[in-house]
>>> print(open('input_34.csv').read())   # CSV, C-alpha atoms
chain,number,residue,atom,x,y,z
B,1,MET,CA,332.2,194.5,100.2
B,2,MET,CA,329.6,192.6,102.2
B,3,SER,CA,328.8,190.4,99.1
B,4,LYS,CA,332.5,189.4,98.9
B,5,ALA,CA,332.6,188.7,102.6
B,6,LYS,CA,329.5,186.4,102.3
B,7,ILE,CA,331.1,184.5,99.5
B,8,ILE,CA,334.4,184.1,101.2
B,9,SER,CA,332.8,183.1,104.5
B,10,THR,CA,330.6,180.5,102.8
B,11,ILE,CA,333.5,179.0,100.9
B,12,PHE,CA,335.4,178.8,104.2
B,13,ILE,CA,332.6,176.9,105.8
B,14,ILE,CA,332.4,174.5,102.8
B,15,CYS,CA,336.1,173.9,103.1
B,16,LEU,CA,335.7,173.1,106.8
B,17,SER,CA,333.0,170.6,106.0
B,18,LEU,CA,335.2,168.9,103.4
B,19,PHE,CA,338.0,168.4,106.0
B,20,PRO,CA,336.1,167.8,109.2
B,21,LEU,CA,338.0,168.1,112.4
B,22,ASN,CA,336.0,166.8,115.3
B,23,ASN,CA,332.8,168.3,113.9
B,24,ILE,CA,334.3,171.8,114.0
B,25,ASP,CA,331.9,172.9,111.2
B,26,ILE,CA,328.9,171.9,113.3
B,27,ILE,CA,330.4,173.6,116.4
B,28,ILE,CA,330.9,176.8,114.4
B,29,ALA,CA,327.4,176.6,113.0
B,30,VAL,CA,325.8,176.3,116.4
B,31,PHE,CA,327.9,179.1,117.7
B,32,LEU,CA,326.8,181.3,114.8
B,33,ILE,CA,323.1,180.6,115.4
B,34,LEU,CA,323.4,181.2,119.2
B,35,SER,CA,325.4,184.4,118.8
B,36,LEU,CA,324.7,186.5,115.7
B,37,GLY,CA,321.6,184.5,114.7
B,38,LEU,CA,319.9,185.3,118.0
B,39,VAL,CA,321.4,188.8,118.3
B,40,HIS,CA,319.8,189.9,115.0
B,41,GLY,CA,316.4,189.4,116.5
B,42,ALA,CA,317.2,190.6,120.0
B,43,CYS,CA,316.8,194.4,119.4
B,44,ASP,CA,313.2,194.4,118.4
B,45,ILE,CA,312.0,196.5,121.4
B,46,THR,CA,314.5,199.2,120.5
B,47,LEU,CA,313.5,199.0,116.9
B,48,ILE,CA,309.9,199.4,117.9
B,49,SER,CA,310.6,202.5,120.0
B,50,THR,CA,312.7,204.1,117.2
B,51,LYS,CA,310.0,203.2,114.6
B,52,LEU,CA,307.2,204.8,116.6
B,53,ASN,CA,309.3,207.9,117.2
B,54,THR,CA,307.3,208.9,120.2
B,55,SER,CA,307.9,209.3,123.9
B,56,SER,CA,304.4,208.1,124.8
B,57,ILE,CA,304.7,205.2,127.2
B,58,LYS,CA,301.2,204.1,126.4
B,59,ILE,CA,301.8,203.8,122.7
B,60,LYS,CA,305.1,202.0,123.2
B,61,THR,CA,303.5,199.6,125.8
B,62,GLY,CA,300.6,199.0,123.4
B,63,PHE,CA,302.9,198.0,120.6
B,64,ILE,CA,304.9,195.7,122.9
B,65,ILE,CA,301.7,194.1,124.0
B,66,LEU,CA,300.7,193.6,120.4
B,67,TYR,CA,304.2,192.1,119.7
B,68,VAL,CA,303.8,189.6,122.5
B,69,PHE,CA,300.2,188.8,121.5
B,70,ILE,CA,301.4,188.0,117.9
B,71,ALA,CA,304.0,185.7,119.4
B,72,PHE,CA,301.5,184.0,121.6
B,73,LEU,CA,299.0,183.6,118.7
B,74,SER,CA,301.8,182.2,116.4
B,75,PHE,CA,302.7,179.6,119.0
B,76,THR,CA,299.0,178.6,119.4
B,77,ILE,CA,298.4,178.3,115.7
B,78,VAL,CA,301.6,176.4,114.9
B,79,TYR,CA,301.2,174.0,117.8
B,80,SER,CA,297.5,173.4,117.3
B,81,LEU,CA,297.5,173.3,113.5
B,82,PRO,CA,301.1,172.1,112.7
B,83,ILE,CA,300.7,171.6,108.9
B,84,ILE,CA,298.9,174.9,108.3
B,85,GLY,CA,301.3,176.6,110.8
B,86,PHE,CA,304.3,175.1,109.0
B,87,ILE,CA,303.2,176.2,105.6
B,88,SER,CA,302.4,179.7,106.8
B,89,PHE,CA,305.7,180.0,108.6
B,90,LEU,CA,307.6,178.7,105.6
B,91,LEU,CA,305.9,181.3,103.3
B,92,ILE,CA,306.4,184.2,105.7
B,93,SER,CA,310.1,183.2,106.3
B,94,SER,CA,310.6,182.8,102.6
B,95,TYR,CA,309.4,186.3,102.0
B,96,HIS,CA,311.5,187.6,104.9
B,97,PHE,CA,314.7,186.0,103.5
B,98,GLY,CA,314.0,187.3,100.0
B,99,GLU,CA,313.2,190.8,101.3
B,100,GLN,CA,316.4,191.0,103.3
B,101,HIS,CA,318.4,189.9,100.3
B,102,PHE,CA,316.7,192.1,97.7
B,103,HIS,CA,315.1,195.1,99.5
B,104,LYS,CA,317.7,197.5,98.3
B,105,LYS,CA,318.2,195.9,95.0
B,106,LEU,CA,314.6,196.1,94.0
B,107,SER,CA,313.4,199.3,95.6
B,108,ASN,CA,311.9,200.6,92.4
B,109,SER,CA,310.1,197.3,91.4
B,110,LYS,CA,306.4,197.0,91.6
B,111,LEU,CA,306.9,193.2,91.6
B,112,LYS,CA,309.1,193.1,94.7
B,113,PHE,CA,306.6,191.0,96.7
B,114,TYR,CA,306.9,188.2,94.1
B,115,HIS,CA,310.7,188.6,93.9
B,116,PHE,CA,311.0,188.3,97.6
B,117,LEU,CA,308.7,185.3,98.0
B,118,SER,CA,310.1,183.4,95.1
B,119,TYR,CA,313.7,183.9,96.0
B,120,GLY,CA,313.2,182.9,99.7
B,121,SER,CA,311.2,179.9,98.7
B,122,LEU,CA,313.9,178.8,96.3
B,123,ILE,CA,316.5,179.0,99.1
B,124,PHE,CA,314.4,176.8,101.4
B,125,LEU,CA,313.6,174.3,98.6
B,126,ILE,CA,317.2,173.9,97.7
B,127,MET,CA,318.1,173.4,101.3
B,128,ILE,CA,315.3,170.8,101.7
B,129,GLU,CA,316.2,169.0,98.4
B,130,THR,CA,319.8,168.7,99.3
B,131,ASN,CA,319.2,167.6,102.9
B,132,LYS,CA,316.0,165.5,102.4
B,133,LYS,CA,316.7,162.8,104.9
B,134,SER,CA,317.5,165.2,107.8
B,135,VAL,CA,314.6,167.5,107.0
B,136,TYR,CA,312.2,164.5,106.9
B,137,GLU,CA,313.5,163.2,110.2
B,138,ILE,CA,313.0,166.5,111.9
B,139,LEU,CA,309.6,167.3,110.4
B,140,LYS,CA,307.9,163.9,110.8
B,141,PRO,CA,307.4,164.1,114.6
B,142,ILE,CA,306.3,167.7,114.3
B,143,LEU,CA,303.9,167.4,111.4
B,144,ASN,CA,303.0,163.7,111.6
B,145,ILE,CA,303.1,163.3,107.8
B,146,GLU,CA,305.3,161.6,105.3
B,147,MET,CA,307.2,164.3,103.6
B,148,GLN,CA,308.3,162.0,100.8
B,149,THR,CA,305.0,162.6,99.1
B,150,VAL,CA,305.7,166.3,98.7
B,151,PRO,CA,307.1,167.1,95.2
B,152,ILE,CA,310.0,169.2,96.3
B,153,GLN,CA,312.0,168.8,93.1
B,154,MET,CA,309.1,169.9,91.0
B,155,MET,CA,308.5,172.9,93.2
B,156,LEU,CA,312.2,173.7,92.9
B,157,TYR,CA,312.0,173.8,89.1
B,158,ILE,CA,308.8,175.9,89.2
B,159,PHE,CA,310.3,178.5,91.6
B,160,SER,CA,313.5,178.6,89.6
B,161,SER,CA,311.5,179.4,86.5
B,162,ILE,CA,309.4,182.0,88.2
B,163,ILE,CA,312.6,183.8,89.4
B,164,ILE,CA,314.1,183.8,85.9
B,165,LEU,CA,310.8,185.0,84.5
B,166,LEU,CA,310.6,187.8,87.1
B,167,TRP,CA,314.2,188.9,86.3
B,168,VAL,CA,313.4,189.1,82.6
B,169,ILE,CA,310.1,190.9,83.0
B,170,ASP,CA,311.4,193.3,85.6
B,171,TYR,CA,314.9,193.8,84.1
B,172,LYS,CA,314.8,197.6,84.0
B,173,ASN,CA,314.2,197.8,87.8
B,174,LEU,CA,316.9,195.4,88.9
B,175,LYS,CA,319.7,197.1,90.8
B,176,PHE,CA,322.0,194.0,90.6
B,177,SER,CA,323.8,191.8,88.2
B,178,ILE,CA,321.8,188.7,87.2
B,179,LEU,CA,325.1,186.9,86.6
B,180,LYS,CA,326.3,187.8,90.1
B,181,GLU,CA,323.1,186.6,91.7
B,182,ILE,CA,323.3,183.3,89.7
B,183,PHE,CA,326.8,182.9,91.0
B,184,ASN,CA,325.6,183.5,94.6
B,185,LEU,CA,323.0,180.8,94.1
B,186,ILE,CA,325.6,178.4,92.8
B,187,VAL,CA,327.7,179.0,95.9
B,188,ILE,CA,324.7,178.5,98.1
B,189,CYS,CA,323.8,175.3,96.3
B,190,VAL,CA,327.3,174.0,96.8
B,191,LEU,CA,327.1,174.9,100.4
B,192,PHE,CA,323.8,173.0,100.9
B,193,TYR,CA,325.0,170.0,98.9
B,194,GLU,CA,328.4,169.7,100.6
B,195,THR,CA,327.3,170.3,104.2
B,196,GLY,CA,324.7,168.8,106.5
B,197,LEU,CA,321.4,170.5,107.4
B,198,ILE,CA,322.6,172.3,110.5
B,199,VAL,CA,325.7,173.8,108.8
B,200,SER,CA,323.7,174.6,105.7
B,201,PHE,CA,321.0,176.4,107.6
B,202,ALA,CA,323.3,178.2,110.1
B,203,THR,CA,325.6,179.5,107.3
B,204,TYR,CA,322.8,180.9,105.2
B,205,PHE,CA,320.8,182.1,108.2
B,206,VAL,CA,323.7,183.9,109.8
B,207,ILE,CA,326.1,184.9,107.0
B,208,TRP,CA,323.5,185.7,104.3
B,209,HIS,CA,320.6,186.9,106.4
B,210,SER,CA,321.4,187.8,110.0
B,211,VAL,CA,324.6,189.8,109.4
B,212,PRO,CA,323.0,192.0,106.6
B,213,SER,CA,320.0,192.4,108.8
B,214,ILE,CA,322.1,193.6,111.7
B,215,TYR,CA,323.7,196.1,109.3
B,216,ASP,CA,320.3,197.4,108.3
B,217,GLN,CA,319.1,197.6,111.8
B,218,ILE,CA,322.1,199.6,112.9
B,219,GLU,CA,321.7,201.9,109.9
B,220,PHE,CA,318.0,202.3,110.9
B,221,LEU,CA,318.7,203.0,114.5
B,222,TYR,CA,321.9,205.2,114.3
B,223,LYS,CA,321.9,206.3,110.6
B,224,LYS,CA,325.4,205.0,110.1
B,225,VAL,CA,327.4,201.8,110.7
B,226,ASN,CA,330.7,201.9,112.4
B,227,LEU,CA,332.4,200.3,115.5
B,228,LYS,CA,330.7,202.7,117.9
B,229,THR,CA,327.2,202.1,116.6
B,230,LEU,CA,327.9,198.4,116.4
B,231,LEU,CA,328.8,198.3,120.1
B,232,GLN,CA,325.7,200.4,120.9
B,233,TYR,CA,323.6,197.9,119.0
B,234,LEU,CA,325.1,194.9,120.8
B,235,LYS,CA,324.6,196.7,124.2
B,236,LYS,CA,321.0,197.2,123.4
B,237,SER,CA,320.6,193.6,122.2
B,238,GLY,CA,322.5,192.0,125.1
B,239,PHE,CA,319.7,191.8,127.6
B,240,TYR,CA,317.2,190.2,125.2
B,241,TRP,CA,319.8,187.9,123.8
B,242,ALA,CA,320.5,186.6,127.3
B,243,ILE,CA,316.8,186.0,127.8
B,244,SER,CA,316.7,184.1,124.6
B,245,ILE,CA,319.6,181.9,125.6
B,246,ALA,CA,318.1,181.3,129.0
B,247,GLY,CA,314.8,180.3,127.4
B,248,LEU,CA,316.4,177.9,125.0
B,249,THR,CA,318.5,176.4,127.8
B,250,ILE,CA,315.4,175.8,130.0
B,251,LEU,CA,313.6,174.3,127.0
B,252,VAL,CA,316.5,171.9,126.4
B,253,LEU,CA,316.9,171.0,130.1
B,254,LYS,CA,313.2,170.4,130.6
B,255,GLY,CA,312.8,168.3,127.4
B,256,ASP,CA,312.1,165.2,129.4
B,257,VAL,CA,309.4,167.0,131.3
B,258,ILE,CA,307.7,168.1,128.1
B,259,GLY,CA,307.9,164.5,126.8
B,260,GLU,CA,306.8,163.4,123.4
B,261,SER,CA,305.7,167.0,122.5
B,262,PHE,CA,309.2,168.4,123.0
B,263,TYR,CA,310.0,168.9,119.3
B,264,ARG,CA,306.6,170.4,118.5
B,265,VAL,CA,306.9,172.7,121.6
B,266,SER,CA,310.4,173.7,120.7
B,267,TYR,CA,309.5,174.4,117.1
B,268,SER,CA,306.4,176.3,118.0
B,269,PHE,CA,308.4,178.4,120.5
B,270,LEU,CA,311.0,179.3,117.8
B,271,VAL,CA,308.2,180.2,115.4
B,272,SER,CA,306.5,182.4,118.0
B,273,VAL,CA,309.6,184.5,118.6
B,274,THR,CA,310.4,184.7,114.9
B,275,ILE,CA,307.0,185.8,113.4
B,276,PRO,CA,306.8,189.2,115.3
B,277,HIS,CA,310.4,189.9,114.3
B,278,ILE,CA,309.7,189.2,110.7
B,279,LEU,CA,306.6,191.5,110.6
B,280,LEU,CA,308.6,194.2,112.3
B,281,MET,CA,311.5,194.0,109.9
B,282,THR,CA,309.2,194.0,107.0
B,283,LYS,CA,307.7,197.3,108.2
B,284,ILE,CA,311.2,198.8,108.7
B,285,LEU,CA,312.7,197.6,105.4
B,286,SER,CA,309.7,198.7,103.4
B,287,LYS,CA,310.2,202.2,104.6
B,288,SER,CA,314.0,202.3,104.3
B,289,ASN,CA,314.1,202.3,100.5
>>> encode(input="input_34.csv", output="structure tokens")
Amino acid sequence: MMSKAKIISTIFIICLSLFPLNNIDIIIAVFLILSLGLVHGACDITLISTKLNTSSIKIKTGFIILYVFIAFLSFTIVYSLPIIGFISFLLISSYHFGEQHFHKKLSNSKLKFYHFLSYGSLIFLIMIETNKKSVYEILKPILNIEMQTVPIQMMLYIFSSIIILLWVIDYKNLKFSILKEIFNLIVICVLFYETGLIVSFATYFVIWHSVPSIYDQIEFLYKKVNLKTLLQYLKKSGFYWAISIAGLTILVLKGDVIGESFYRVSYSFLVSVTIPHILLMTKILSKSN
């Protein structure tokens, strides 16, 4: 059911981009990121409390402090060492995307780590390859390097081959149709090719990642997914979502104060709030199978 919804939603976005009406596709993309995209990472404190399964304030506080420390450390590393930070973030995010997509479909596989990392990397590489100009323009002031020298296309071929090889080797443990996954990838490729970077990223991030993640989080918190538990989840997430929106708003409004480092600061901030969430979700998803 969810798979069909993702395909239909993606095709709808592609159609919007083919017949643009005052940049409606970009408006929808930004709305998706600021709503469902942020919401899917706004319930981490509740997830931590549920994961710990303890009433001890000290233990909960300790984990929250650890969460904040990881966020601060991530910001420091990414801002101070942009290239190393970017590569690390890309690899961690790739694994996270792959894990969200396949964690139920590869629960019996001993090679799941490689499946997750390879698939997520492939998604990012396709997005970069089909939106090279935009990606290079964004990354240049952040990394201070010429991205044209990076062999993206070669890496794309390598990771495609790795995924096919993994599917062949691990065929008995696959809980999905390879043809269906290839079809999904074709739809995603068309999306990335036909839309700009913002729409491409927003559509994949929200429809293919955030919505399934929200479903898994609700299932983890309340053991079932229905309208009641969805509303409970949104209620729990609301406060932290509002803080995120406020933080982003301040960051944008104070861009002139930050000056030339605005893009690096913004990027480092986004990474710092993403990394702890990824680590938390990895812990939750690894135990949910």
>>> residues_near_point(input="input_34.csv", point="(316.3, 168.4, 100.1)", cutoff="12 Å", atoms="all atoms listed in the file", output="ChimeraX atom specification")
/B:122-137,147-148,150-156,189,192-193,195-197,200-201
>>> atom_distance(input="input_34.csv", atom1="CA of Phe97 in chain B", atom2="CA of Thr149 in chain B")
25.7 Å
>>> residues_around(input="input_34.csv", residues="range 74-87 of chain B", least_positions_apart="5", cutoff="9 Å", atoms="only C-alpha atoms", output="list in words")
Phe69, Ile92, Ile142, Leu143, Asn144, Ile145, Arg264, Val265, Tyr267, Ser268, Phe269, Leu270, Val271, Ser272, Val273, Ile275 and Pro276 of chain B
>>> atom_distance(input="input_34.csv", atom1="CA of Ile243 in chain B", atom2="CA of Leu38 in chain B")
10.3 Å
>>> closest_residue(input="input_34.csv", among="B:Thr229, B:Ser17, B:Thr61, B:Asn173", to="Tyr215 in chain B", atoms="only C-alpha atoms")
B:Thr229
>>> atom_distance(input="input_34.csv", atom1="CA of Gly62 in chain B", atom2="CA of Ser49 in chain B")
11.1 Å
>>> residues_near_point(input="input_34.csv", point="(314.9, 199.4, 108.0)", cutoff="8 Å", atoms="only C-alpha atoms", output="list in words")
Asp216, Gln217, Glu219, Phe220, Met281, Thr282, Lys283, Ile284, Leu285, Ser286, Lys287 and Ser288 of chain B
>>> residues_around(input="input_34.csv", residues="Ser109 in chain B", least_positions_apart="2", cutoff="12 Å", atoms="only C-alpha atoms", output="ChimeraX atom specification")
/B:102-107,111-116,166-167,169-175,289
>>> residues_around(input="input_34.csv", residues="Val199 in chain B", least_positions_apart="5", cutoff="7 Å", atoms="all atoms listed in the file", output="ChimeraX atom specification")
/B:25-26,29
>>> write_last_selection(input="input_34.csv", atoms="C-alpha atoms", output="PDB file, in the coordinates of the input")
ATOM      1  CA  ASP B  25     331.900 172.900 111.200  1.00  0.00           C
ATOM      2  CA  ILE B  26     328.900 171.900 113.300  1.00  0.00           C
ATOM      3  CA  ALA B  29     327.400 176.600 113.000  1.00  0.00           C
TER       4      ALA B  29
END
>>> closest_residue(input="input_34.csv", among="B:Ile33, B:Ile28, B:Leu21, B:Ala42", to="Phe239 in chain B", atoms="all atoms listed in the file")
B:Ala42
>>> closest_residue(input="input_34.csv", among="B:Asn184, B:Thr10, B:Ser56, B:Thr46", to="Lys235 in chain B", atoms="all atoms listed in the file")
B:Thr46
>>> residues_around(input="input_34.csv", residues="His209 in chain B", least_positions_apart="4", cutoff="7 Å", atoms="only C-alpha atoms", output="ChimeraX atom specification")
/B:97,100,204-205,213
>>> closest_residue(input="input_34.csv", among="B:Ser93, B:Asn226, B:Ser266, B:Thr274", to="Ser118 in chain B", atoms="only C-alpha atoms")
B:Ser93
>>> closest_residue(input="input_34.csv", among="B:Met2, B:Leu52, B:Val211, B:Leu16", to="Leu32 in chain B", atoms="all atoms listed in the file")
B:Val211
>>> closest_atom_pairs(input="input_34.csv", of="range 13-81 of chain B", to="range 244-255 of chain B", cutoff="12 Å", atoms="all atoms listed in the file", output="tab-separated table")
residue	atom	partner	partner_atom	distance
B:Phe31	CA	B:Ile245	CA	11.8
B:Ile33	CA	B:Ile245	CA	10.9
B:Leu34	CA	B:Ile245	CA	7.5
B:Ser35	CA	B:Ile245	CA	9.3
B:Gly37	CA	B:Ser244	CA	11.1
B:Leu38	CA	B:Ser244	CA	7.4
B:Val39	CA	B:Ser244	CA	9.2
B:His40	CA	B:Ser244	CA	11.6
B:Gly41	CA	B:Ser244	CA	9.7
B:Ala42	CA	B:Ser244	CA	8.0
B:Cys43	CA	B:Ser244	CA	11.5
>>> closest_residue(input="input_34.csv", among="B:Leu280, B:Leu90, B:Val30, B:Ile24", to="Tyr67 in chain B", atoms="all atoms listed in the file")
B:Leu280
>>> decode(input="input_34.csv", residues="range 56-117 of chain B", atoms="C-alpha atoms", output="PDB file, in the first residue's frame")
ATOM      1  CA  SER B  56      14.709   7.243  35.949  1.00  0.00           C
ATOM      2  CA  ILE B  57      15.099  10.967  35.343  1.00  0.00           C
ATOM      3  CA  LYS B  58      18.887  10.644  35.658  1.00  0.00           C
ATOM      4  CA  ILE B  59      19.142   8.059  32.884  1.00  0.00           C
ATOM      5  CA  LYS B  60      16.833  10.001  30.575  1.00  0.00           C
ATOM      6  CA  THR B  61      18.688  13.233  31.260  1.00  0.00           C
ATOM      7  CA  GLY B  62      22.003  11.502  30.639  1.00  0.00           C
ATOM      8  CA  PHE B  63      20.917  10.270  27.227  1.00  0.00           C
ATOM      9  CA  ILE B  64      19.498  13.654  26.283  1.00  0.00           C
ATOM     10  CA  ILE B  65      22.813  15.270  27.255  1.00  0.00           C
ATOM     11  CA  LEU B  66      24.605  12.662  25.128  1.00  0.00           C
ATOM     12  CA  TYR B  67      22.236  13.448  22.245  1.00  0.00           C
ATOM     13  CA  VAL B  68      23.005  17.171  22.508  1.00  0.00           C
ATOM     14  CA  PHE B  69      26.735  16.470  22.825  1.00  0.00           C
ATOM     15  CA  ILE B  70      26.705  14.407  19.618  1.00  0.00           C
ATOM     16  CA  ALA B  71      24.896  17.271  17.886  1.00  0.00           C
ATOM     17  CA  PHE B  72      27.472  19.788  19.126  1.00  0.00           C
ATOM     18  CA  LEU B  73      30.371  17.508  18.172  1.00  0.00           C
ATOM     19  CA  SER B  74      28.886  16.977  14.703  1.00  0.00           C
ATOM     20  CA  PHE B  75      28.594  20.727  14.180  1.00  0.00           C
ATOM     21  CA  THR B  76      32.183  21.290  15.275  1.00  0.00           C
ATOM     22  CA  ILE B  77      33.634  18.578  13.041  1.00  0.00           C
ATOM     23  CA  VAL B  78      31.619  19.500   9.962  1.00  0.00           C
ATOM     24  CA  TYR B  79      32.329  23.215  10.331  1.00  0.00           C
ATOM     25  CA  SER B  80      36.029  22.839  11.152  1.00  0.00           C
ATOM     26  CA  LEU B  81      36.788  19.985   8.748  1.00  0.00           C
ATOM     27  CA  PRO B  82      34.265  20.509   5.937  1.00  0.00           C
ATOM     28  CA  ILE B  83      35.541  17.870   3.503  1.00  0.00           C
ATOM     29  CA  ILE B  84      35.956  15.123   6.108  1.00  0.00           C
ATOM     30  CA  GLY B  85      32.677  16.168   7.678  1.00  0.00           C
ATOM     31  CA  PHE B  86      30.861  16.095   4.353  1.00  0.00           C
ATOM     32  CA  ILE B  87      32.151  12.646   3.407  1.00  0.00           C
ATOM     33  CA  SER B  88      31.261  11.295   6.849  1.00  0.00           C
ATOM     34  CA  PHE B  89      27.813  12.853   6.727  1.00  0.00           C
ATOM     35  CA  LEU B  90      27.205  11.524   3.225  1.00  0.00           C
ATOM     36  CA  LEU B  91      28.157   7.984   4.230  1.00  0.00           C
ATOM     37  CA  ILE B  92      26.089   8.062   7.425  1.00  0.00           C
ATOM     38  CA  SER B  93      23.098   9.537   5.590  1.00  0.00           C
ATOM     39  CA  SER B  94      23.454   6.982   2.804  1.00  0.00           C
ATOM     40  CA  TYR B  95      23.350   4.164   5.317  1.00  0.00           C
ATOM     41  CA  HIS B  96      20.355   5.776   7.020  1.00  0.00           C
ATOM     42  CA  PHE B  97      18.401   6.117   3.771  1.00  0.00           C
ATOM     43  CA  GLY B  98      19.201   2.538   2.818  1.00  0.00           C
ATOM     44  CA  GLU B  99      18.317   1.252   6.262  1.00  0.00           C
ATOM     45  CA  GLN B 100      14.945   2.981   6.262  1.00  0.00           C
ATOM     46  CA  HIS B 101      14.147   1.566   2.848  1.00  0.00           C
ATOM     47  CA  PHE B 102      15.299  -2.007   3.443  1.00  0.00           C
ATOM     48  CA  HIS B 103      15.288  -2.715   7.187  1.00  0.00           C
ATOM     49  CA  LYS B 104      12.145  -4.860   7.007  1.00  0.00           C
ATOM     50  CA  LYS B 105      13.017  -6.363   3.650  1.00  0.00           C
ATOM     51  CA  LEU B 106      16.457  -7.574   4.718  1.00  0.00           C
ATOM     52  CA  SER B 107      15.888  -8.525   8.342  1.00  0.00           C
ATOM     53  CA  ASN B 108      17.435 -11.980   7.842  1.00  0.00           C
ATOM     54  CA  SER B 109      20.452 -10.849   5.867  1.00  0.00           C
ATOM     55  CA  LYS B 110      23.950 -10.878   7.317  1.00  0.00           C
ATOM     56  CA  LEU B 111      24.969  -8.427   4.608  1.00  0.00           C
ATOM     57  CA  LYS B 112      22.380  -5.784   5.481  1.00  0.00           C
ATOM     58  CA  PHE B 113      25.041  -3.180   6.343  1.00  0.00           C
ATOM     59  CA  TYR B 114      26.392  -3.343   2.797  1.00  0.00           C
ATOM     60  CA  HIS B 115      22.887  -3.345   1.311  1.00  0.00           C
ATOM     61  CA  PHE B 116      21.940  -0.235   3.268  1.00  0.00           C
ATOM     62  CA  LEU B 117      25.128   1.694   2.540  1.00  0.00           C
TER      63      LEU B 117
END
